[in-house]
Each structure stands twice: as C-alpha cells, then as structure tokens.
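So this one's entry_28.pdb, PDB, C-alpha atoms, pLDDT in the B column:
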ATOM      1  CA  LEU A 292     -80.800  71.444 116.743  1.00 87.00           C
ATOM      2  CA  GLN A 293     -82.111  67.946 117.450  1.00 92.00           C
ATOM      3  CA  LYS A 294     -83.819  67.885 114.073  1.00 94.00           C
ATOM      4  CA  GLU A 295     -80.683  68.980 112.381  1.00 93.00           C
ATOM      5  CA  LEU A 296     -78.696  66.251 114.124  1.00 94.00           C
ATOM      6  CA  LEU A 297     -81.245  63.617 113.044  1.00 95.00           C
ATOM      7  CA  LYS A 298     -81.135  64.979 109.526  1.00 96.00           C
ATOM      8  CA  TYR A 299     -77.327  64.728 109.412  1.00 95.00           C
ATOM      9  CA  LYS A 300     -77.382  61.242 110.918  1.00 96.00           C
ATOM     10  CA  GLN A 301     -79.893  60.160 108.248  1.00 96.00           C
ATOM     11  CA  GLU A 302     -77.726  61.717 105.563  1.00 96.00           C
ATOM     12  CA  ALA A 303     -74.668  59.969 107.013  1.00 96.00           C
ATOM     13  CA  ARG A 304     -76.536  56.600 106.906  1.00 96.00           C
ATOM     14  CA  ASN A 305     -77.580  57.267 103.321  1.00 97.00           C
ATOM     15  CA  LEU A 306     -74.040  58.156 102.396  1.00 97.00           C
ATOM     16  CA  GLN A 307     -72.747  55.030 104.197  1.00 97.00           C
ATOM     17  CA  GLY A 308     -75.257  52.908 102.235  1.00 96.00           C
ATOM     18  CA  ILE A 309     -74.120  54.486  98.985  1.00 97.00           C
ATOM     19  CA  LYS A 310     -70.505  53.947  99.995  1.00 97.00           C
ATOM     20  CA  ASP A 311     -71.178  50.267 100.854  1.00 97.00           C
ATOM     21  CA  ALA A 312     -73.020  49.740  97.559  1.00 97.00           C
ATOM     22  CA  LEU A 313     -70.179  51.363  95.611  1.00 97.00           C
ATOM     23  CA  GLN A 314     -67.595  49.235  97.443  1.00 97.00           C
ATOM     24  CA  GLN A 315     -69.599  46.077  96.685  1.00 97.00           C
ATOM     25  CA  ARG A 316     -69.843  47.124  93.032  1.00 97.00           C
ATOM     26  CA  LEU A 317     -66.087  47.803  92.999  1.00 98.00           C
ATOM     27  CA  VAL A 318     -65.405  44.313  94.432  1.00 98.00           C
ATOM     28  CA  GLN A 319     -67.627  42.756  91.750  1.00 97.00           C
ATOM     29  CA  GLN A 320     -65.859  44.714  89.021  1.00 98.00           C
ATOM     30  CA  ASP A 321     -62.464  43.709  90.420  1.00 97.00           C
ATOM     31  CA  ALA A 322     -63.564  40.058  90.353  1.00 97.00           C
ATOM     32  CA  ALA A 323     -64.780  40.464  86.757  1.00 98.00           C
ATOM     33  CA  VAL A 324     -61.486  42.108  85.756  1.00 98.00           C
ATOM     34  CA  LEU A 325     -59.540  39.284  87.443  1.00 97.00           C
ATOM     35  CA  GLN A 326     -61.640  36.678  85.629  1.00 97.00           C
ATOM     36  CA  LEU A 327     -61.060  38.470  82.299  1.00 98.00           C
ATOM     37  CA  LYS A 328     -57.324  38.564  82.967  1.00 98.00           C
ATOM     38  CA  GLN A 329     -57.323  34.832  83.684  1.00 98.00           C
ATOM     39  CA  GLU A 330     -59.273  34.145  80.483  1.00 98.00           C
ATOM     40  CA  LEU A 331     -56.863  36.341  78.538  1.00 98.00           C
ATOM     41  CA  LEU A 332     -53.908  34.485  80.036  1.00 98.00           C
ATOM     42  CA  ARG A 333     -55.479  31.112  79.117  1.00 97.00           C
ATOM     43  CA  ALA A 334     -56.245  32.377  75.604  1.00 98.00           C
ATOM     44  CA  ASN A 335     -52.642  33.557  75.169  1.00 98.00           C
ATOM     45  CA  MET A 336     -51.332  30.226  76.454  1.00 98.00           C
ATOM     46  CA  ASP A 337     -53.656  28.369  74.053  1.00 97.00           C
ATOM     47  CA  LYS A 338     -52.533  30.641  71.236  1.00 98.00           C
ATOM     48  CA  GLU A 339     -48.879  29.929  72.025  1.00 97.00           C
ATOM     49  CA  GLU A 340     -49.548  26.185  72.207  1.00 97.00           C
ATOM     50  CA  LEU A 341     -51.356  26.277  68.842  1.00 97.00           C
ATOM     51  CA  HIS A 342     -48.481  28.258  67.361  1.00 97.00           C
ATOM     52  CA  ASN A 343     -46.006  25.657  68.626  1.00 97.00           C
ATOM     53  CA  GLN A 344     -48.164  22.830  67.242  1.00 97.00           C
ATOM     54  CA  ASN A 345     -48.351  24.650  63.911  1.00 97.00           C
ATOM     55  CA  VAL A 346     -44.564  25.024  63.800  1.00 96.00           C
ATOM     56  CA  ASP A 347     -44.180  21.341  64.675  1.00 96.00           C
ATOM     57  CA  LEU A 348     -46.680  20.296  61.992  1.00 95.00           C
ATOM     58  CA  GLN A 349     -44.933  22.462  59.412  1.00 96.00           C
ATOM     59  CA  ARG A 350     -41.625  20.844  60.334  1.00 96.00           C
ATOM     60  CA  LYS A 351     -43.191  17.389  59.973  1.00 95.00           C
ATOM     61  CA  VAL A 352     -44.686  18.309  56.594  1.00 95.00           C
ATOM     62  CA  GLU A 353     -41.310  19.556  55.387  1.00 95.00           C
ATOM     63  CA  GLU A 354     -39.649  16.351  56.625  1.00 94.00           C
ATOM     64  CA  ARG A 355     -42.263  14.177  54.926  1.00 94.00           C
ATOM     65  CA  ASN A 356     -41.930  16.182  51.714  1.00 92.00           C
ATOM     66  CA  ARG A 357     -38.172  15.651  51.859  1.00 94.00           C
ATOM     67  CA  LEU A 358     -38.654  11.915  52.407  1.00 92.00           C
ATOM     68  CA  LEU A 359     -41.200  11.786  49.600  1.00 92.00           C
ATOM     69  CA  ALA A 360     -38.715  13.439  47.239  1.00 92.00           C
ATOM     70  CA  GLU A 361     -36.062  10.904  48.292  1.00 92.00           C
ATOM     71  CA  TYR A 362     -38.474   8.005  47.763  1.00 92.00           C
ATOM     72  CA  LYS A 363     -39.418   9.325  44.330  1.00 92.00           C
ATOM     73  CA  LYS A 364     -35.741   9.639  43.433  1.00 92.00           C
ATOM     74  CA  GLU A 365     -35.066   6.082  44.636  1.00 91.00           C
ATOM     75  CA  LEU A 366     -38.093   4.800  42.733  1.00 90.00           C
ATOM     76  CA  CYS A 367     -36.892   6.457  39.523  1.00 90.00           C
ATOM     77  CA  GLN A 368     -33.448   4.924  39.997  1.00 91.00           C
ATOM     78  CA  LYS A 369     -34.972   1.504  40.594  1.00 89.00           C
ATOM     79  CA  ASP A 370     -37.208   1.919  37.548  1.00 89.00           C
ATOM     80  CA  ARG A 371     -34.176   2.733  35.388  1.00 91.00           C
ATOM     81  CA  HIS A 372     -32.311  -0.209  36.893  1.00 89.00           C
ATOM     82  CA  LEU A 373     -35.267  -2.489  36.252  1.00 87.00           C
ATOM     83  CA  GLN A 374     -35.600  -1.264  32.665  1.00 89.00           C
ATOM     84  CA  GLN A 375     -31.924  -2.023  32.101  1.00 88.00           C
ATOM     85  CA  HIS A 376     -32.386  -5.526  33.472  1.00 87.00           C
ATOM     86  CA  GLN A 377     -35.547  -5.952  31.432  1.00 86.00           C
ATOM     87  CA  SER A 378     -33.667  -4.965  28.270  1.00 86.00           C
ATOM     88  CA  LYS A 379     -30.831  -7.390  29.071  1.00 84.00           C
ATOM     89  CA  LEU A 380     -33.330 -10.142  29.785  1.00 82.00           C
ATOM     90  CA  ASP A 381     -35.206  -9.450  26.564  1.00 83.00           C
ATOM     91  CA  GLU A 382     -31.958  -9.605  24.600  1.00 84.00           C
ATOM     92  CA  MET A 383     -30.908 -12.845  26.299  1.00 82.00           C
ATOM     93  CA  LEU A 384     -34.329 -14.299  25.648  1.00 79.00           C
ATOM     94  CA  ARG A 385     -34.123 -13.286  21.992  1.00 79.00           C
ATOM     95  CA  GLN A 386     -30.689 -14.893  21.668  1.00 78.00           C
ATOM     96  CA  LEU A 387     -31.867 -18.040  23.388  1.00 76.00           C
ATOM     97  CA  SER A 388     -34.931 -18.143  21.181  1.00 73.00           C
ATOM     98  CA  GLU A 389     -32.784 -17.812  18.045  1.00 73.00           C
ATOM     99  CA  ALA A 390     -30.512 -20.585  19.282  1.00 70.00           C
ATOM    100  CA  SER A 391     -33.464 -22.854  19.973  1.00 64.00           C
ATOM    101  CA  TYR A 392     -34.918 -22.256  16.507  1.00 62.00           C
ATOM    102  CA  GLN A 393     -31.628 -23.398  14.987  1.00 61.00           C
ATOM    103  CA  GLN A 394     -31.872 -26.757  16.720  1.00 57.00           C
ATOM    104  CA  VAL A 395     -34.303 -29.361  15.484  1.00 41.00           C
ATOM    105  CA  GLY A 396     -36.615 -31.346  17.747  1.00 47.00           C
ATOM    106  CA  ARG A 397     -36.570 -29.075  20.752  1.00 48.00           C
ATOM    107  CA  ALA A 398     -40.319 -28.613  21.114  1.00 48.00           C
ATOM    108  CA  GLY A 399     -40.204 -28.695  24.919  1.00 51.00           C
ATOM    109  CA  LEU A 400     -37.547 -26.003  25.068  1.00 54.00           C
ATOM    110  CA  HIS A 401     -39.446 -23.937  22.499  1.00 55.00           C
ATOM    111  CA  TRP A 402     -42.585 -24.117  24.679  1.00 56.00           C
ATOM    112  CA  GLU A 403     -40.595 -23.005  27.752  1.00 59.00           C
ATOM    113  CA  LEU A 404     -39.142 -20.096  25.790  1.00 58.00           C
ATOM    114  CA  ALA A 405     -42.580 -19.040  24.577  1.00 60.00           C
ATOM    115  CA  TRP A 406     -43.891 -19.211  28.136  1.00 58.00           C
ATOM    116  CA  LEU A 407     -40.891 -17.223  29.377  1.00 60.00           C
ATOM    117  CA  ALA A 408     -41.410 -14.647  26.628  1.00 59.00           C
ATOM    118  CA  GLN A 409     -45.031 -14.266  27.675  1.00 58.00           C
ATOM    119  CA  LEU A 410     -43.903 -13.588  31.244  1.00 58.00           C
ATOM    120  CA  VAL A 411     -41.377 -10.997  30.096  1.00 55.00           C
ATOM    121  CA  VAL A 412     -43.760  -9.102  27.833  1.00 52.00           C
ATOM    122  CA  THR A 413     -46.622  -8.653  30.282  1.00 50.00           C
ATOM    123  CA  PRO A 414     -48.235  -5.221  29.813  1.00 46.00           C
ATOM    124  CA  LEU A 415     -49.248  -4.704  33.455  1.00 45.00           C
ATOM    125  CA  LEU A 416     -46.337  -4.316  35.806  1.00 47.00           C
ATOM    126  CA  PRO A 417     -46.705  -5.212  39.489  1.00 49.00           C
ATOM    127  CA  PRO A 418     -45.270  -2.942  42.186  1.00 57.00           C
ATOM    128  CA  GLN A 419     -41.513  -2.261  42.271  1.00 62.00           C
ATOM    129  CA  VAL A 420     -40.586  -4.981  44.753  1.00 64.00           C
ATOM    130  CA  ASP A 421     -42.546  -7.593  42.847  1.00 68.00           C
ATOM    131  CA  LEU A 422     -40.824  -6.516  39.640  1.00 70.00           C
ATOM    132  CA  GLU A 423     -37.423  -7.152  41.141  1.00 73.00           C
ATOM    133  CA  ARG A 424     -38.489 -10.579  42.380  1.00 74.00           C
ATOM    134  CA  GLU A 425     -40.027 -11.373  39.017  1.00 74.00           C
ATOM    135  CA  LEU A 426     -36.815 -10.333  37.265  1.00 73.00           C
ATOM    136  CA  GLU A 427     -34.783 -12.612  39.523  1.00 77.00           C
ATOM    137  CA  HIS A 428     -37.234 -15.442  38.835  1.00 76.00           C
ATOM    138  CA  LYS A 429     -37.029 -14.885  35.075  1.00 76.00           C
ATOM    139  CA  GLU A 430     -33.243 -14.805  35.184  1.00 75.00           C
ATOM    140  CA  ALA A 431     -33.299 -18.117  37.057  1.00 77.00           C
ATOM    141  CA  LEU A 432     -35.690 -19.597  34.460  1.00 75.00           C
ATOM    142  CA  LEU A 433     -33.471 -18.346  31.659  1.00 76.00           C
ATOM    143  CA  ALA A 434     -30.403 -19.880  33.275  1.00 75.00           C
ATOM    144  CA  HIS A 435     -32.300 -23.137  33.722  1.00 76.00           C
ATOM    145  CA  CYS A 436     -33.356 -23.129  30.062  1.00 74.00           C
ATOM    146  CA  MET A 437     -29.824 -22.401  28.903  1.00 74.00           C
ATOM    147  CA  LYS A 438     -28.474 -25.182  31.132  1.00 77.00           C
ATOM    148  CA  ARG A 439     -31.059 -27.580  29.756  1.00 72.00           C
ATOM    149  CA  GLU A 440     -30.211 -26.622  26.198  1.00 70.00           C
ATOM    150  CA  ALA A 441     -26.519 -27.142  26.855  1.00 73.00           C
ATOM    151  CA  GLU A 442     -27.229 -30.585  28.342  1.00 74.00           C
ATOM    152  CA  GLU A 443     -29.333 -31.626  25.342  1.00 63.00           C
TER     153      GLU A 443
END
As structure tokens, please, write out the structure in this file.
Amino acid sequence: LQKELLKYKQEARNLQGIKDALQQRLVQQDAAVLQLKQELLRANMDKEELHNQNVDLQRKVEERNRLLAEYKKELCQKDRHLQQHQSKLDEMLRQLSEASYQQVGRAGLHWELAWLAQLVVTPLLPPQVDLERELEHKEALLAHCMKREAEE
C-alpha cells in the first residue's frame, strides 16, 4: 500500500510537471499570438496610412495636371497674342521703312530702321515674358523713330 501511494505521488508530481510545462508553453504561445496581433495592427495602420498618402498624391497629381493644362492654354493664348503683335509690328516697320526710303538724306533713320528690323526678325525667341518686354521695347523704338521722322 505504501509503495502504491509513493507510485501515485510520483505520478502526480510527473503530471504536475507536465501541467506546469504545458501552462508555460501556453503562456509563451499567448504572448506570441499577442505580438502577432500587434504587428498585424501596425501593418494595417501602415497600410491605411499609405493608402491615404496615395490618395493624397493622386489628388495632387490631378491638381498639377489641371494647372499644367491651364498654363498650356494661357501660353497658347499669349503666343497667339504675341504673334498678332509681331505681325502688327512687322507691318508698321515695313510702312515706316517704305516712308523712309521715299525721303532723301535720312541715312541715320535708315540705319535705325535696319537695326530695328534685325531685332524684329530674330530667329531665336526668348521665353514668353521676355518676348512681351521685347515687343514693348520695339514698339517704343518704333514710336521714337516715327516721332523723329515727323520732326525731321
């Protein structure tokens, strides 16, 4: 009977050891599951943040594309406007040149007209803003030449 009691006590200790080991393993697995859940939560939050950034970037791209289209439209309008002014200036320059050829002894005015014609017929055009300034400058030169011719 004593031997049987010792045998059952030993079996109980073995079973308690197995139970303790299984509980420890269960705690470790619970901690691993908790860590995986936290990582999954972080990954989902990162995914959501990236999605929001992507939506924001797409919105910015669409806005910039819209602005680019507007700028292109404005540039085309300014180019047409500049071409119209260039044509008017060329015509005025031609008329002024014809008028100067009809007068005798106007070598200085003829030189100014030739110089002005060279400015007008330049093959390389500077950027849009510079073109507008250049057109204003040429118009002022043309007015000056016409005033000078009228005075002479």
With all atoms listed in the file counted and 10 Å as the cut-off, give the residues of region 339-393 of chain A in contact with region 433-442 of chain A, each with its shortest interatomic distance in Å and the pair that gives it, as JSON lines.
{"residue": "A:Leu380", "atom": "CA", "partner": "A:Leu433", "partner_atom": "CA", "distance": 8.4}
{"residue": "A:Met383", "atom": "CA", "partner": "A:Leu433", "partner_atom": "CA", "distance": 8.1}
{"residue": "A:Leu384", "atom": "CA", "partner": "A:Leu433", "partner_atom": "CA", "distance": 7.3}
{"residue": "A:Leu387", "atom": "CA", "partner": "A:Met437", "partner_atom": "CA", "distance": 7.3}
{"residue": "A:Ala390", "atom": "CA", "partner": "A:Glu440", "partner_atom": "CA", "distance": 9.2}
{"residue": "A:Ser391", "atom": "CA", "partner": "A:Glu440", "partner_atom": "CA", "distance": 8.0}
When distances are computed from only C-alpha atoms, which of A:Leu306, A:Leu296, A:Leu426, A:Gln315 shows the smallest separation from Gln377 (chain A)?
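Ranked by minimum distance to Gln377 (chain A), first place goes to A:Leu426.
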How many Å separate CA of Cys367 (chain A) from CA of Gln349 (chain A)?
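We find that CA of Cys367 (chain A) and CA of Gln349 (chain A) lie 26.8 Å from each other.
The space separating CA of Gln320 (chain A) from CA of Asn335 (chain A) comes to 22.2 Å.
Counting from CA of Lys369 (chain A), the distance to CA of Leu422 (chain A) is 10.0 Å.
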Give the answer as one residue: which of A:Glu302, A:Glu423, A:Glu430, A:Glu389 has the shortest atom-to-atom distance to His372 (chain A), using all atoms listed in the file?
A:Glu423
